[in-house]
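Note sheet for the following structure.
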Amino acid sequence: MPDYELDDAYELKSPEDNRAHYAAWSETYDGAFAEGWGYVAPREIARIYRQEMRDGDAPLLDLGAGTGLVAEHLGGLEADALDITPQMLAKAAPKGLYRRLIEADAMKPLEMADGAYGGVISCGTFTHGHVGPAALPELLRVTRPGGLFVCGVIPPVYDGQGFGSALALLNADGVVGPLSFRRIAIYEGAEHPHAGDVGLVMVFRKAG
């Protein structure tokens, strides 16, 4: 089973690279990748959000929503999709999972009001060549006080891109509440070079 799509994704460097890569990948993403590779991280992250949520944790922003794999497991929670690639959002649209489909770069200012969301969920976005911790202040701005964050990251990116220190500073400054982490499998039931990859899920709330 080829793994060039994922390895190429890990080498992306710019928003333009991301748009081009995922535009081409959008046609086969759900089938050849998500199903063929046994990609279960979206299911697991959605499960954690539903376990942790309380009244007020919706609507939520699905950051890097892609084709809607996370929202398929949210049990109908009200959500908006944000992604940099219009072709991926076009694949999500017919599924009817979202209130809104928002094409935007999460590393730039977002056109949402302060406190527009009750939480943020993300799978496969905080990774190599994608969105880094510099996006966190803007995501916190558009989330109401007390809002829930459940965001996946892989350990090399957590260490290498400075998520640990960024979150520690936000916690020290009283911007976010206590942090916890969940270990998840990213894939199951398929044999390929990344089958044993491990994911971390960052779970915290905006203070307030």
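Letters for chains follow the order of the structure tokens (A, B, ...), residue numbers begin at 1 for each chain, and ligand numbers begin at 1 in the order shown.
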
What are the closest atom pairs, with distances in Å to one decimal, for all residues of region 132-172 of chain A lying within 9 Å of region 52-57 of chain A? Consider only C-alpha atoms, order rows by chain and residue number, and present the result as CSV.
residue,atom,partner,partner_atom,distance
A:Arg144,CA,A:Asp57,CA,8.9
A:Gly146,CA,A:Asp57,CA,8.2
A:Gly147,CA,A:Asp57,CA,5.8
A:Leu148,CA,A:Asp57,CA,6.1
A:Val150,CA,A:Glu52,CA,8.7

### Message
Which residues are close to Ser180 (chain A), i.e. within 7 Å by only C-alpha atoms, leaving aside same-chain residues fewer than 5 positions away? Reply as a ChimeraX atom specification.
### Response
/A:202-204

Near region 152-156 of chain A, within 9 Å and counting only C-alpha atoms, which residues show up once chain neighbours fewer than 2 positions away are dropped, as a CSV table (one decimal) with C-alpha atoms, in the first residue's frame?
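Written out: result.csv:
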chain,number,residue,atom,x,y,z
A,41,ALA,CA,-8.1,9.3,14.7
A,42,PRO,CA,-11.1,11.3,13.7
A,45,ILE,CA,-11.0,12.6,18.8
A,121,ILE,CA,-11.9,20.3,17.7
A,122,SER,CA,-9.1,19.3,15.4
A,123,CYS,CA,-7.7,16.1,13.9
A,124,GLY,CA,-4.7,16.0,11.5
A,125,THR,CA,-4.1,19.7,11.4
A,126,PHE,CA,-1.5,20.2,14.1
A,127,THR,CA,1.1,18.2,12.3
A,128,HIS,CA,4.1,18.4,10.0
A,150,VAL,CA,-9.9,18.8,21.9
A,158,TYR,CA,4.3,18.6,19.9
A,159,ASP,CA,8.0,18.7,20.8
A,160,GLY,CA,9.4,20.1,17.6
A,161,GLN,CA,7.0,23.0,17.0
A,197,ASP,CA,1.9,5.7,14.7
A,198,VAL,CA,0.6,7.1,18.0
A,199,GLY,CA,-1.4,10.3,18.5
A,200,LEU,CA,-1.7,12.7,21.4
A,201,VAL,CA,-4.9,14.6,22.1
A,202,MET,CA,-4.6,17.9,23.9
A,203,VAL,CA,-7.6,18.6,26.1

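Among the candidates A:Cys151, A:Phe33, A:Val120, A:Gly64, the residue lying nearest to Arg182 (chain A) is A:Cys151 (atoms considered: only C-alpha atoms).
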
### Message
Excluding Ala93 (chain A) and its own-chain neighbours fewer than 2 positions away, which residues fall within 12 Å of it when counting only C-alpha atoms? Please give them as an NGL selection string.
### Response
:A and (65-69 or 71 or 80-82 or 86-91 or 95-102)

Only C-alpha atoms, please: the residues just picked out, written as a tab-separated table (two decimals), in the first residue's frame.
chain	number	residue	atom	x	y	z
A	65	ALA	CA	-12.16	19.84	8.82
A	66	GLY	CA	-11.21	18.44	5.43
A	67	THR	CA	-13.91	16.11	4.15
A	68	GLY	CA	-15.77	16.00	7.47
A	69	LEU	CA	-14.36	12.82	8.98
A	71	ALA	CA	-18.02	15.53	12.24
A	80	ASP	CA	-18.77	24.80	11.45
A	81	ALA	CA	-15.98	23.50	9.21
A	82	LEU	CA	-12.80	25.49	8.61
A	86	PRO	CA	-11.90	24.40	-1.02
A	87	GLN	CA	-11.80	21.01	-2.74
A	88	MET	CA	-11.78	19.24	0.63
A	89	LEU	CA	-14.70	21.33	1.85
A	90	ALA	CA	-16.55	20.52	-1.37
A	91	LYS	CA	-16.32	16.83	-0.43
A	95	LYS	CA	-22.63	15.07	3.84
A	96	GLY	CA	-24.72	17.78	5.52
A	97	LEU	CA	-22.63	17.75	8.70
A	98	TYR	CA	-21.94	21.46	9.15
A	99	ARG	CA	-23.81	24.75	9.55
A	100	ARG	CA	-21.15	26.58	7.56
A	101	LEU	CA	-18.13	25.72	5.42
A	102	ILE	CA	-15.38	28.31	5.93

### Task
Please identify which residues in region 5-207 of chain A DSSP calls alpha helix (DSSP H) from the backbone, and express them as a count of residues only.
58

### Message
Quick one: residues within 9 Å of region 174-177 of chain A, only C-alpha atoms, excluding same-chain residues fewer than 6 positions away - as an NGL selection string?
### Response
:A and (140 or 146 or 167 or 204-208)

#### Entry: Sel. of strand (DSSP E or B) residues, region 17-132 of chain A, as a PyMOL selection string
chain A and resi 39+60-63+79-83+101-103+117-126

Output of the above residues as a PDB file, in the first residue's frame, restricted to N, CA and C atoms:
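Now in result03.pdb:
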ATOM      1  N   TYR A  39      -7.969   4.771   9.120  1.00  0.00           N
ATOM      2  CA  TYR A  39      -7.706   6.029   9.810  1.00  0.00           C
ATOM      3  C   TYR A  39      -8.813   6.298  10.831  1.00  0.00           C
ATOM      4  N   LEU A  60     -19.325  24.177  17.770  1.00  0.00           N
ATOM      5  CA  LEU A  60     -17.889  24.040  17.787  1.00  0.00           C
ATOM      6  C   LEU A  60     -17.306  24.289  16.412  1.00  0.00           C
ATOM      7  N   LEU A  61     -16.038  24.652  16.411  1.00  0.00           N
ATOM      8  CA  LEU A  61     -15.295  24.874  15.183  1.00  0.00           C
ATOM      9  C   LEU A  61     -14.434  23.656  14.920  1.00  0.00           C
ATOM     10  N   ASP A  62     -14.648  23.016  13.769  1.00  0.00           N
ATOM     11  CA  ASP A  62     -13.834  21.883  13.348  1.00  0.00           C
ATOM     12  C   ASP A  62     -12.682  22.438  12.519  1.00  0.00           C
ATOM     13  N   LEU A  63     -11.529  22.546  13.149  1.00  0.00           N
ATOM     14  CA  LEU A  63     -10.351  23.152  12.543  1.00  0.00           C
ATOM     15  C   LEU A  63      -9.661  22.153  11.623  1.00  0.00           C
ATOM     16  N   ALA A  79     -21.826  22.364  14.344  1.00  0.00           N
ATOM     17  CA  ALA A  79     -20.422  22.646  14.077  1.00  0.00           C
ATOM     18  C   ALA A  79     -20.271  23.391  12.760  1.00  0.00           C
ATOM     19  N   ASP A  80     -19.213  24.183  12.691  1.00  0.00           N
ATOM     20  CA  ASP A  80     -18.765  24.803  11.452  1.00  0.00           C
ATOM     21  C   ASP A  80     -17.443  24.171  11.049  1.00  0.00           C
ATOM     22  N   ALA A  81     -17.215  24.060   9.744  1.00  0.00           N
ATOM     23  CA  ALA A  81     -15.982  23.496   9.213  1.00  0.00           C
ATOM     24  C   ALA A  81     -15.072  24.608   8.726  1.00  0.00           C
ATOM     25  N   LEU A  82     -13.805  24.558   9.119  1.00  0.00           N
ATOM     26  CA  LEU A  82     -12.803  25.489   8.606  1.00  0.00           C
ATOM     27  C   LEU A  82     -11.684  24.699   7.967  1.00  0.00           C
ATOM     28  N   ASP A  83     -11.349  25.048   6.741  1.00  0.00           N
ATOM     29  CA  ASP A  83     -10.253  24.374   6.052  1.00  0.00           C
ATOM     30  C   ASP A  83      -9.666  25.325   5.021  1.00  0.00           C
ATOM     31  N   LEU A 101     -19.425  26.155   5.923  1.00  0.00           N
ATOM     32  CA  LEU A 101     -18.127  25.724   5.425  1.00  0.00           C
ATOM     33  C   LEU A 101     -17.299  26.979   5.210  1.00  0.00           C
ATOM     34  N   ILE A 102     -16.172  27.085   5.920  1.00  0.00           N
ATOM     35  CA  ILE A 102     -15.378  28.310   5.934  1.00  0.00           C
ATOM     36  C   ILE A 102     -14.008  28.012   5.346  1.00  0.00           C
ATOM     37  N   GLU A 103     -13.696  28.619   4.214  1.00  0.00           N
ATOM     38  CA  GLU A 103     -12.367  28.491   3.632  1.00  0.00           C
ATOM     39  C   GLU A 103     -11.477  29.568   4.228  1.00  0.00           C
ATOM     40  N   TYR A 117     -17.733  30.529  19.331  1.00  0.00           N
ATOM     41  CA  TYR A 117     -17.842  29.080  19.444  1.00  0.00           C
ATOM     42  C   TYR A 117     -17.741  28.608  20.890  1.00  0.00           C
ATOM     43  N   GLY A 118     -18.370  27.480  21.150  1.00  0.00           N
ATOM     44  CA  GLY A 118     -18.285  26.851  22.459  1.00  0.00           C
ATOM     45  C   GLY A 118     -17.113  25.912  22.589  1.00  0.00           C
ATOM     46  N   GLY A 119     -16.394  25.668  21.492  1.00  0.00           N
ATOM     47  CA  GLY A 119     -15.241  24.795  21.547  1.00  0.00           C
ATOM     48  C   GLY A 119     -14.592  24.639  20.192  1.00  0.00           C
ATOM     49  N   VAL A 120     -13.429  24.012  20.198  1.00  0.00           N
ATOM     50  CA  VAL A 120     -12.649  23.748  18.990  1.00  0.00           C
ATOM     51  C   VAL A 120     -12.218  22.288  19.008  1.00  0.00           C
ATOM     52  N   ILE A 121     -12.387  21.629  17.869  1.00  0.00           N
ATOM     53  CA  ILE A 121     -11.927  20.253  17.712  1.00  0.00           C
ATOM     54  C   ILE A 121     -11.029  20.205  16.490  1.00  0.00           C
ATOM     55  N   SER A 122     -10.025  19.357  16.529  1.00  0.00           N
ATOM     56  CA  SER A 122      -9.101  19.289  15.399  1.00  0.00           C
ATOM     57  C   SER A 122      -8.450  17.921  15.332  1.00  0.00           C
ATOM     58  N   CYS A 123      -8.346  17.410  14.106  1.00  0.00           N
ATOM     59  CA  CYS A 123      -7.678  16.139  13.857  1.00  0.00           C
ATOM     60  C   CYS A 123      -6.859  16.271  12.579  1.00  0.00           C
ATOM     61  N   GLY A 124      -5.579  15.969  12.648  1.00  0.00           N
ATOM     62  CA  GLY A 124      -4.736  15.964  11.464  1.00  0.00           C
ATOM     63  C   GLY A 124      -4.309  17.333  10.988  1.00  0.00           C
ATOM     64  N   THR A 125      -4.488  18.358  11.819  1.00  0.00           N
ATOM     65  CA  THR A 125      -4.150  19.723  11.421  1.00  0.00           C
ATOM     66  C   THR A 125      -2.890  20.217  12.118  1.00  0.00           C
ATOM     67  N   PHE A 126      -2.736  19.915  13.405  1.00  0.00           N
ATOM     68  CA  PHE A 126      -1.508  20.245  14.110  1.00  0.00           C
ATOM     69  C   PHE A 126      -0.488  19.138  13.844  1.00  0.00           C
TER      70      PHE A 126
END

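Take the candidates A:Leu170, A:Ala46, A:Ile184, A:Ala116 and check each one against Gly196 (chain A) using only C-alpha atoms; the shortest distance goes to A:Ile184.
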